[in-house]
$ cat entry-v4.cif   # mmCIF, C-alpha atoms
data_start
loop_
_atom_site.label_atom_id
_atom_site.label_comp_id
_atom_site.auth_asym_id
_atom_site.auth_seq_id
_atom_site.Cartn_x
_atom_site.Cartn_y
_atom_site.Cartn_z
CA MET A 14 160.72 86.14 44.05
CA GLU A 15 159.80 89.59 45.19
CA ASP A 16 156.40 89.13 43.59
CA ILE A 17 155.83 85.90 45.54
CA ASN A 18 156.76 87.54 48.83
CA LEU A 19 154.34 90.38 48.13
CA LYS A 20 151.52 87.86 47.49
CA ILE A 21 152.26 86.02 50.71
CA GLN A 22 152.18 89.26 52.68
CA LYS A 23 148.83 90.28 51.11
CA SER A 24 147.37 86.84 51.82
CA ARG A 25 148.43 87.03 55.51
CA GLY A 26 146.95 90.54 55.81
CA SER A 27 143.61 89.36 54.39
CA SER A 28 143.43 86.39 56.76
CA THR A 29 144.03 88.66 59.77
CA VAL A 30 141.23 90.99 58.67
CA ILE A 31 138.80 88.07 58.23
CA VAL A 32 139.62 86.63 61.65
CA ALA A 33 139.25 90.05 63.28
CA ILE A 34 135.86 90.66 61.66
CA VAL A 35 134.57 87.21 62.59
CA VAL A 36 135.64 87.71 66.21
CA ILE A 37 133.93 91.12 66.35
CA ALA A 38 130.74 89.72 64.77
CA VAL A 39 130.60 86.87 67.27
CA LEU A 40 131.16 89.25 70.17
CA ILE A 41 128.39 91.60 68.99
CA ALA A 42 125.99 88.69 68.52
CA GLY A 43 126.80 87.42 72.01
CA VAL A 44 126.14 90.79 73.61
CA ILE A 45 122.81 91.20 71.77
CA ALA A 46 121.68 87.68 72.69
CA PHE A 47 122.59 88.23 76.36
CA LYS A 48 120.64 91.52 76.53
CA LEU A 49 117.56 90.00 74.93
CA TYR A 50 117.72 87.02 77.28
CA LYS A 51 117.76 89.34 80.28
CA HIS A 52 114.89 91.41 78.87
CA GLN A 53 112.74 88.33 78.34
CA ASN A 54 113.39 87.08 81.86
CA ALA A 55 112.38 90.43 83.35
CA ASN A 56 109.12 90.38 81.38
CA SER A 57 108.21 86.84 82.35
CA SER A 58 108.75 87.56 86.02
CA LEU A 59 106.17 90.34 85.78
CA THR A 60 103.59 88.68 83.58
CA GLY A 61 103.77 84.98 84.11
CA GLY A 62 103.69 84.99 87.84
CA SER A 63 100.79 83.57 89.64
CA GLN A 64 102.65 84.83 92.69
CA PRO A 65 101.48 88.25 93.85
CA THR A 66 104.23 90.85 93.85
CA GLN A 67 102.45 93.29 96.14
CA ILE A 68 100.20 92.91 99.14
CA SER A 69 98.02 95.85 100.05
CA SER A 70 98.57 97.15 103.54
CA THR A 71 94.95 98.24 103.78
CA THR A 72 93.51 94.77 104.13
CA PRO A 73 91.13 94.63 107.06
CA GLN A 74 92.69 92.29 109.55
CA THR A 75 90.42 89.82 111.22
CA SER A 76 91.20 87.74 114.22
CA PRO A 77 89.88 84.21 113.92
CA ALA A 78 90.97 83.35 117.45
CA SER A 79 88.93 86.16 118.93
CA ALA A 80 85.72 84.65 117.63
CA SER A 81 85.96 81.68 119.94
CA THR A 82 86.00 83.80 123.11
CA SER A 83 82.62 85.33 122.25
CA GLY A 84 81.06 81.88 122.49
CA ALA A 85 81.89 81.55 126.17
CA THR A 86 78.92 81.21 128.51
CA LEU A 87 78.78 81.60 132.27
CA SER A 88 78.51 78.81 134.76
CA THR A 89 75.05 78.60 136.29
CA GLY A 90 74.07 78.09 139.92
CA ASP A 91 77.34 79.22 141.44
CA ASN A 92 77.17 82.82 142.69
CA SER A 93 80.21 82.74 144.94
CA ASP A 94 82.70 85.61 144.88
CA ALA A 95 85.14 83.51 142.84
CA SER A 96 82.47 82.63 140.32
CA LEU A 97 81.36 86.28 140.00
CA ASP A 98 84.97 87.37 139.40
CA LYS A 99 85.32 84.73 136.73
CA ASP A 100 82.04 85.84 135.15
CA LEU A 101 83.25 89.45 135.05
CA GLN A 102 86.43 88.33 133.33
CA THR A 103 84.41 86.40 130.74
CA VAL A 104 82.20 89.40 129.99
CA GLY A 105 85.30 91.63 129.80
CA SER A 106 86.71 89.21 127.25
CA ASN A 107 83.43 89.37 125.29
CA LEU A 108 83.68 93.16 125.22
CA ASN A 109 87.27 93.00 123.99
CA THR A 110 86.10 90.79 121.14
CA LEU A 111 83.36 93.31 120.44
CA ASN A 112 85.95 96.10 120.31
CA SER A 113 87.87 94.08 117.75
CA ASN A 114 84.68 93.53 115.74
CA THR A 115 83.81 97.23 115.67
CA SER A 116 87.39 98.10 114.65
CA SER A 117 87.07 95.67 111.72
CA ILE A 118 83.81 97.33 110.70
CA ASP A 119 85.46 100.78 110.78
CA GLN A 120 88.45 99.56 108.79
CA GLY A 121 86.24 97.94 106.17
CA LEU A 122 83.90 100.89 105.72
CA ASN A 123 86.70 103.47 105.64
CA GLN A 124 88.76 101.58 103.09
CA LYS A 125 89.33 103.24 99.71
CA ALA A 126 89.47 100.92 96.72
CA VAL A 127 92.32 101.20 94.19
CA ASP A 128 91.37 100.16 90.67
CA PRO A 129 94.14 97.85 89.36
CA SER A 130 93.02 98.37 85.76
CA GLN A 131 94.20 101.99 85.79
CA MET B 170 142.78 92.07 39.30
CA LYS B 171 143.40 88.92 41.31
CA SER B 172 143.74 91.04 44.45
CA ASN B 173 140.36 92.66 43.77
CA LEU B 174 138.72 89.29 43.37
CA GLN B 175 140.23 88.12 46.64
CA PHE B 176 138.92 91.22 48.45
CA SER B 177 135.42 90.70 47.02
CA ALA B 178 135.45 87.11 48.17
CA ILE B 179 136.39 88.24 51.67
CA LEU B 180 133.49 90.71 51.77
CA VAL B 181 130.99 88.08 50.60
CA GLY B 182 132.31 85.72 53.25
CA ILE B 183 131.87 88.31 56.01
CA ALA B 184 128.36 89.11 54.86
CA ALA B 185 127.39 85.45 54.81
CA LEU B 186 128.88 84.85 58.23
CA GLY B 187 127.15 87.90 59.64
CA ALA B 188 123.83 86.81 58.22
CA VAL B 189 124.15 83.30 59.63
CA THR B 190 125.26 84.56 63.04
CA LEU B 191 122.89 87.46 63.52
CA SER B 192 119.67 86.44 61.76
CA PRO B 193 118.23 84.30 64.63
CA VAL B 194 119.17 86.99 67.11
CA ALA B 195 117.51 89.68 65.03
CA ALA B 196 114.38 87.58 64.64
CA PHE B 197 114.32 86.94 68.40
CA ALA B 198 114.75 90.62 69.09
CA GLN B 199 111.86 91.49 66.84
CA GLN B 200 109.66 88.87 68.49
CA VAL B 201 110.34 90.07 72.03
CA THR B 202 110.48 93.81 71.74
CA SER B 203 108.54 95.04 68.80
CA SER B 204 105.62 92.90 67.75
CA PRO B 205 102.92 95.63 67.21
CA GLY B 206 105.31 98.47 66.77
CA THR B 207 108.60 98.69 68.58
CA THR B 208 108.21 101.05 71.59
CA GLN B 209 104.42 100.98 71.70
CA GLY B 210 104.43 97.18 71.88
CA ALA B 211 106.96 97.16 74.68
CA ASN B 212 104.98 99.77 76.62
CA GLN B 213 101.78 97.79 76.30
CA ALA B 214 103.49 94.61 77.47
CA ALA B 215 104.83 96.46 80.50
CA ARG B 216 101.40 97.99 81.20
CA MET B 217 99.74 94.58 81.05
CA ALA B 218 102.37 93.14 83.37
CA THR B 219 101.67 95.92 85.89
CA ILE B 220 97.90 95.44 85.74
CA LYS B 221 98.30 91.70 86.20
CA ALA B 222 100.60 92.13 89.19
CA ARG B 223 98.22 94.62 90.84
CA SER B 224 95.19 92.46 90.14
CA ASP B 225 96.91 89.40 91.57
CA ALA B 226 97.72 91.35 94.74
CA GLU B 227 94.16 92.69 95.05
CA ILE B 228 92.70 89.20 94.63
CA THR B 229 95.14 87.68 97.11
CA ASP B 230 94.15 90.31 99.69
CA ARG B 231 90.50 89.47 99.20
CA LEU B 232 91.08 85.73 99.45
CA THR B 233 92.93 86.22 102.76
CA SER B 234 90.12 88.39 104.15
CA LEU B 235 87.44 85.97 102.96
CA ASN B 236 89.16 83.03 104.63
CA SER B 237 89.29 84.97 107.91
CA ALA B 238 85.63 85.92 107.50
CA SER B 239 84.77 82.27 106.97
CA LEU B 240 86.28 81.40 110.35
CA LYS B 241 84.25 84.16 112.02
CA ILE B 242 80.99 83.04 110.48
CA ASN B 243 81.65 79.42 111.38
CA ALA B 244 82.39 80.43 114.99
CA ALA B 245 79.18 82.48 115.34
CA THR B 246 76.66 81.07 117.80
CA LYS B 247 73.91 83.68 117.89
CA LEU B 248 73.33 84.31 114.18
CA SER B 249 70.33 82.71 112.55
CA SER B 250 71.14 79.35 110.98
CA ASN B 251 69.91 80.72 107.66
CA ASP B 252 72.40 83.62 107.74
CA LYS B 253 75.23 81.35 108.83
CA SER B 254 74.52 78.99 105.97
CA THR B 255 73.96 81.75 103.38
CA PHE B 256 77.06 83.76 104.25
CA GLY B 257 79.20 80.66 104.70
CA SER B 258 78.39 79.40 101.20
CA GLU B 259 78.65 82.91 99.73
CA ILE B 260 82.19 83.20 101.08
CA GLN B 261 83.14 79.89 99.45
CA THR B 262 81.55 80.97 96.15
CA ASP B 263 83.50 84.24 96.18
CA ILE B 264 86.74 82.39 96.95
CA THR B 265 86.15 80.02 94.01
CA ASN B 266 85.16 82.77 91.59
CA LEU B 267 88.04 85.06 92.56
CA THR B 268 90.50 82.20 92.12
CA THR B 269 89.07 81.55 88.63
CA LEU B 270 89.25 85.27 87.80
CA LYS B 271 92.90 85.38 88.89
CA ALA B 272 93.76 82.54 86.51
CA LYS B 273 91.92 84.31 83.69
CA ILE B 274 93.70 87.59 84.36
CA ASP B 275 97.09 85.84 84.38
CA ALA B 276 96.27 84.31 80.99
CA ASP B 277 94.83 87.46 79.37
CA THR B 278 96.70 88.56 76.24
CA ASP B 279 94.52 91.49 75.22
CA ILE B 280 94.73 94.72 77.23
CA THR B 281 91.04 95.61 76.81
CA THR B 282 89.95 92.23 78.17
CA LEU B 283 92.54 92.46 80.93
CA ARG B 284 91.28 95.89 82.03
CA ALA B 285 87.67 94.63 82.11
CA ASP B 286 88.68 91.57 84.13
CA ALA B 287 90.70 93.70 86.57
CA LYS B 288 87.75 96.04 87.04
CA SER B 289 85.44 93.10 87.74
CA ILE B 290 87.41 92.43 90.94
CA PHE B 291 85.42 95.39 92.28
CA THR B 292 82.23 95.42 90.29
CA ASP B 293 81.36 91.72 90.48
CA PHE B 294 82.31 91.04 94.08
CA ARG B 295 82.34 94.22 96.22
CA VAL B 296 84.25 92.24 98.84
CA TYR B 297 85.49 95.29 100.76
CA ALA B 298 82.63 97.65 99.99
CA VAL B 299 79.74 95.37 100.90
CA PHE B 300 80.50 91.78 101.76
CA LEU B 301 83.19 92.01 104.45
CA PRO B 302 81.51 94.94 106.28
CA GLN B 303 78.37 92.77 106.30
CA VAL B 304 80.30 89.84 107.78
CA HIS B 305 82.06 92.05 110.34
CA GLU B 306 78.74 93.55 111.44
CA LEU B 307 77.20 90.10 111.69
CA ALA B 308 80.18 88.95 113.78
CA ALA B 309 79.72 91.98 116.05
CA ILE B 310 76.01 91.23 116.43
CA ASP B 311 76.85 87.65 117.31
CA THR B 312 79.34 88.80 119.96
CA MET B 313 76.73 91.22 121.33
CA GLY B 314 74.24 88.37 121.59
CA VAL B 315 76.72 86.27 123.56
CA THR B 316 77.68 89.22 125.79
CA THR B 317 74.04 90.03 126.43
CA ALA B 318 73.29 86.44 127.43
CA ASN B 319 76.29 86.42 129.77
CA LEU B 320 75.32 89.74 131.36
CA GLN B 321 71.75 88.52 131.86
CA ALA B 322 73.04 85.37 133.58
CA LEU B 323 75.35 87.51 135.70
CA SER B 324 72.47 89.85 136.56
CA ALA B 325 70.45 86.91 137.88
CA LYS B 326 73.37 85.83 140.07
CA LEU B 327 73.85 89.37 141.36
CA GLN B 328 70.13 89.66 142.12
CA SER B 329 70.38 86.49 144.21
CA ARG B 330 73.43 87.79 146.09
CA ILE B 331 71.79 91.16 146.75
CA GLN B 332 68.69 89.44 148.15
CA THR B 333 70.88 87.31 150.40
CA ALA B 334 72.69 90.41 151.68
CA GLN B 335 69.35 92.14 152.24
CA GLY B 336 68.17 89.10 154.19
CA ASN B 337 71.26 89.49 156.34
CA GLY B 338 70.16 93.02 157.22
CA LYS B 339 72.49 94.90 154.88
CA ASP B 340 71.52 98.13 153.12
CA VAL B 341 71.41 97.17 149.43
CA THR B 342 69.66 100.27 148.08
CA SER B 343 72.58 101.47 145.97
CA LEU B 344 73.34 97.94 144.74
CA GLN B 345 69.73 97.44 143.73
CA GLY B 346 69.86 100.75 141.85
CA LEU B 347 72.99 99.63 140.01
CA LEU B 348 71.38 96.30 139.15
CA SER B 349 68.33 98.06 137.81
CA ASP B 350 70.53 100.28 135.63
CA MET B 351 72.47 97.22 134.48
CA ASN B 352 69.28 95.53 133.29
CA THR B 353 68.16 98.72 131.54
CA GLN B 354 71.48 98.99 129.70
CA ILE B 355 71.22 95.36 128.58
CA THR B 356 67.73 95.99 127.22
CA ASN B 357 68.89 99.17 125.47
CA ALA B 358 71.71 97.24 123.82
CA GLN B 359 69.31 94.58 122.61
CA ASN B 360 67.03 97.23 121.15
CA GLN B 361 69.99 98.71 119.26
CA TYR B 362 71.40 95.62 117.62
CA SER B 363 68.42 93.29 117.34
CA GLY B 364 67.21 94.71 114.01
CA VAL B 365 70.61 95.14 112.35
CA GLU B 366 70.96 91.53 111.17
CA GLY B 367 67.69 91.80 109.25
CA GLU B 368 68.74 95.11 107.69
CA ILE B 369 72.15 94.14 106.42
CA SER B 370 71.63 90.49 105.46
CA PRO B 371 69.80 91.21 102.18
CA LEU B 372 72.62 93.43 100.83
CA THR B 373 74.37 92.14 97.71
CA PRO B 374 77.17 93.47 95.46
CA ALA B 375 74.41 94.97 93.31
CA SER B 376 73.25 97.02 96.34
CA TYR B 377 76.39 99.16 96.07
CA PRO B 378 76.64 102.16 96.51
CA GLY B 379 73.23 102.39 98.25
CA SER B 380 74.44 99.73 100.67
CA ASN B 381 76.72 102.29 102.32
CA ALA B 382 73.87 104.00 104.18
CA THR B 383 72.55 100.68 105.51
CA LEU B 384 76.01 99.56 106.62
CA GLN B 385 76.74 102.92 108.27
CA ASP B 386 73.42 102.75 110.12
CA GLY B 387 74.25 99.21 111.24
CA ARG B 388 77.64 100.35 112.49
CA SER B 389 76.07 103.22 114.42
CA LYS B 390 73.56 100.92 116.15
CA ILE B 391 76.24 98.34 116.93
CA LYS B 392 78.43 101.00 118.54
CA SER B 393 75.57 102.37 120.60
CA GLY B 394 74.65 98.87 121.71
CA ALA B 395 78.28 98.12 122.53
CA ALA B 396 78.43 101.25 124.70
CA ASP B 397 75.28 100.10 126.53
CA LEU B 398 76.83 96.69 127.17
CA LYS B 399 79.96 98.30 128.51
CA SER B 400 77.88 100.41 130.90
CA ALA B 401 76.11 97.26 132.07
CA PHE B 402 79.50 95.65 132.64
CA GLN B 403 80.65 98.62 134.73
CA ASP B 404 77.47 98.34 136.83
CA ALA B 405 78.16 94.64 137.37
CA LYS B 406 81.72 95.36 138.48
CA GLN B 407 80.49 97.94 141.00
CA ILE B 408 77.85 95.57 142.33
CA VAL B 409 80.41 92.81 142.90
CA GLN B 410 82.73 95.26 144.65
CA GLY B 411 79.78 96.53 146.72
CA LEU B 412 78.78 93.02 147.76
CA LYS B 413 82.32 92.28 148.88
CA ALA B 414 82.45 95.54 150.78
CA LEU B 415 79.20 94.70 152.58
CA GLU B 416 80.78 91.44 153.70
CA GLY B 417 84.01 93.12 154.71
CA LYS B 418 86.06 91.51 151.94
CA THR B 419 88.67 93.11 149.70
CA ALA B 420 87.43 93.66 146.15
CA THR B 421 89.29 91.80 143.44
CA SER B 422 90.50 93.94 140.58
CA ILE B 423 88.79 92.98 137.31
CA PRO B 424 90.48 94.39 134.20
CA SER B 425 88.33 96.62 132.02
CA PRO B 426 87.98 95.92 128.30
CA SER B 427 91.04 97.19 126.43
CA SER B 428 89.19 100.16 124.99
CA SER B 429 85.67 101.42 124.94
CA PRO B 430 83.58 100.64 121.86
CA ALA B 431 81.97 104.03 122.35
CA SER B 432 85.31 105.75 122.11
CA THR B 433 85.74 104.58 118.54
CA GLN B 434 82.58 106.24 117.35
#
$ encode --input "entry-v4.cif" --output "C-alpha cells"
Amino acid sequence: MEDINLKIQKSRGSSTVIVAIVVIAVLIAGVIAFKLYKHQNANSSLTGGSQPTQISSTTPQTSPASASTSGATLSTGDNSDASLDKDLQTVGSNLNTLNSNTSSIDQGLNQKAVDPSQ
Amino acid sequence: MKSNLQFSAILVGIAALGAVTLSPVAAFAQQVTSSPGTTQGANQAARMATIKARSDAEITDRLTSLNSASLKINAATKLSSNDKSTFGSEIQTDITNLTTLKAKIDADTDITTLRADAKSIFTDFRVYAVFLPQVHELAAIDTMGVTTANLQALSAKLQSRIQTAQGNGKDVTSLQGLLSDMNTQITNAQNQYSGVEGEISPLTPASYPGSNATLQDGRSKIKSGAADLKSAFQDAKQIVQGLKALEGKTATSIPSPSSSPASTQ
C-alpha cells in the first residue's frame, strides 16, 4: 500500500514538472515571436516605403503665382494721373517678381548637395 | 528502473515539444536577422534602408521643384518659343526619369547597385546644380523683358505728359532730365540681360561643374540689369510726382518694390 502511494506521488510530481516546462517553453516562444515581429515591422517601414521620410529644408522655393504678375502689360493711350499711378503699381509688382526670381537664383546656386549614397 | 524510464520519457517529450514549438521561430529569426552573417547582415539592411529613405527624400524634393519650375516656364511670355518648348519638355523628362529611378531604388536589393542609383540622382540630372538655376535665370530674364516693356510704355506716356506741361508754359527741365535717365537705365538693363538667355540655354547636366561660371555670370548680369530697372522705376515715380506738383496736385504714394535686387548682390 505504501509502495502504491509512493508511485502516485512520483507520478503527480512528474506531471507537474512537465506542465511547468511546457508553459515556460510556450512563454519563451511567444516572447521571441513577438520581438521578431516587431523587428520585421520596423525594417519594412524603413525599406518598403515609397513614402519619403525626410524632406530637405534646402529646397529652393518657387512661387508659381508670382509668375503671372510679370505678364501684366500697361494700358495704352491713357496717360491720366490715375493711369500713371496704376502703371507704377504694375511695374512695382514686376520688380517684386524680379526680386523673387533673383532670390531663387541665389538659393539654387548656393545650395550644397548631400550625397544620399554615403 | 521504472522510475528512470519514466524520467527519460519525460525528457524526450520536452525535447520534442520544444523542437516543434521553437523550430519555426528559430528559422524565422535566422531569415530576418542573420542572412549573410548575423550582425553584418543586419547592419547592411539598416544601411540600405537609410540610403533608400534619403534617396526618396532627395527625389521628392527635386520633383516638387521641377513642378514649380514647369509652372514658371509655362507662364513665361518673353522667352523664345524654342527655349520654352525645350525646357518645358526637359522638365517633364526629368520628372519621368526621376520617378522611374525612385521606383528602382526602392526595389534595389544589392547595396552596390543601390549606392550607384542613389549617386545618379546627382550625376545624371544635376537638377539643383544646373537645371533649376537655368530655369530661375530664364524666369528672371522673362520678368525683366516684361518690366522693360512696361517701363518703355510708361516712358512714352510720361514723355507725352511732359510735353503737354511744357506746352502749358511749365518748366520741365528737371523732369526731362529724369526721363532721359530713365530711358538710359532701361537700355542699360537690356544690354545686361539680353545675352544671358543665349549663354545659359545650352548648358546640360554634362556641363557641370564648368556650368557654374556661366550661371554665376548670368546671375551677375541679371542683378545689374535688375538694379538698372529699379533706377528707371524710381525716375518714373519722381516724374509722376513732379507732374502732379506742376499741376498743383498732391502726389499719390506708390509703394516701392519690397527689396532692391541690387541689395542682394
$ resolve_selection --input "entry-v4.cif" --expression "the PyMOL selection byres ((chain B and resi 397) around 7)" --output "list in words"
Gln354, Ile355, Asn357, Ala358, Ser393, Gly394, Ala395, Ala396, Leu398, Lys399, Ser400 and Ala401 of chain B
$ write_last_selection --input "entry-v4.cif" --atoms "C-alpha atoms" --output "short mmCIF file (atom, residue, chain, number, x, y, z; two decimals), keeping the file's coordinate frame"
data_model
loop_
_atom_site.label_atom_id
_atom_site.label_comp_id
_atom_site.auth_asym_id
_atom_site.auth_seq_id
_atom_site.Cartn_x
_atom_site.Cartn_y
_atom_site.Cartn_z
CA GLN B 354 71.48 98.99 129.70
CA ILE B 355 71.22 95.36 128.58
CA ASN B 357 68.89 99.17 125.47
CA ALA B 358 71.71 97.24 123.82
CA SER B 393 75.57 102.37 120.60
CA GLY B 394 74.65 98.87 121.71
CA ALA B 395 78.28 98.12 122.53
CA ALA B 396 78.43 101.25 124.70
CA LEU B 398 76.83 96.69 127.17
CA LYS B 399 79.96 98.30 128.51
CA SER B 400 77.88 100.41 130.90
CA ALA B 401 76.11 97.26 132.07
#
$ closest_residue --input "entry-v4.cif" --among "B:Thr255, B:Gln335, B:Thr342, B:Thr246" --to "chain A" --atoms "all atoms listed in the file"
B:Thr246
$ atom_distance --input "entry-v4.cif" --atom1 "atom CA of Arg284 of chain B" --atom2 "atom CA of Ala238 of chain B"
27.9 Å
$ residues_near_point --input "entry-v4.cif" --point "(80.3, 96.0, 152.7)" --cutoff "12 Å" --atoms "all atoms listed in the file" --output "VMD selection string"
chain B and resid 331 334 to 335 337 to 341 343 to 344 407 to 420
$ residues_around --input "entry-v4.cif" --residues "segment 83-97 of chain A" --least-positions-apart "5" --cutoff "8 Å" --atoms "all atoms listed in the file" --output "ChimeraX atom specification"
/A:103,106-107,110 /B:244-246,311-312,315-316,318-319,322-323,326-327,329-330,409,413
$ resolve_selection --input "entry-v4.cif" --expression "the PyMOL selection byres ((chain B and resi 375-387) around 8)" --output "PyMOL selection string"
(chain A and resi 122) or (chain B and resi 295+298-299+302-303+306+362+365+368-369+372-374+388-391)
$ atom_distance --input "entry-v4.cif" --atom1 "atom CA of Thr356 of chain B" --atom2 "atom CA of Gly121 of chain A"
28.1 Å
$ resolve_selection --input "entry-v4.cif" --expression "the PyMOL selection byres ((chain B and resi 296) around 12)" --output "JSON, numbers by chain"
{"A": [72, 73, 121, 122, 124, 126], "B": [227, 228, 229, 230, 231, 232, 233, 234, 235, 236, 238, 259, 260, 262, 263, 264, 266, 267, 289, 290, 291, 292, 293, 294, 295, 297, 298, 299, 300, 301, 302, 303, 304, 305, 372, 373, 374, 375, 377]}
$ atom_distance --input "entry-v4.cif" --atom1 "atom CA of Asn251 of chain B" --atom2 "atom CA of Met313 of chain B"
18.5 Å
$ closest_residue --input "entry-v4.cif" --among "B:Leu348, B:Ile280, B:Ala308, B:Leu240" --to "Glu366 of chain B" --atoms "all atoms listed in the file"
B:Ala308
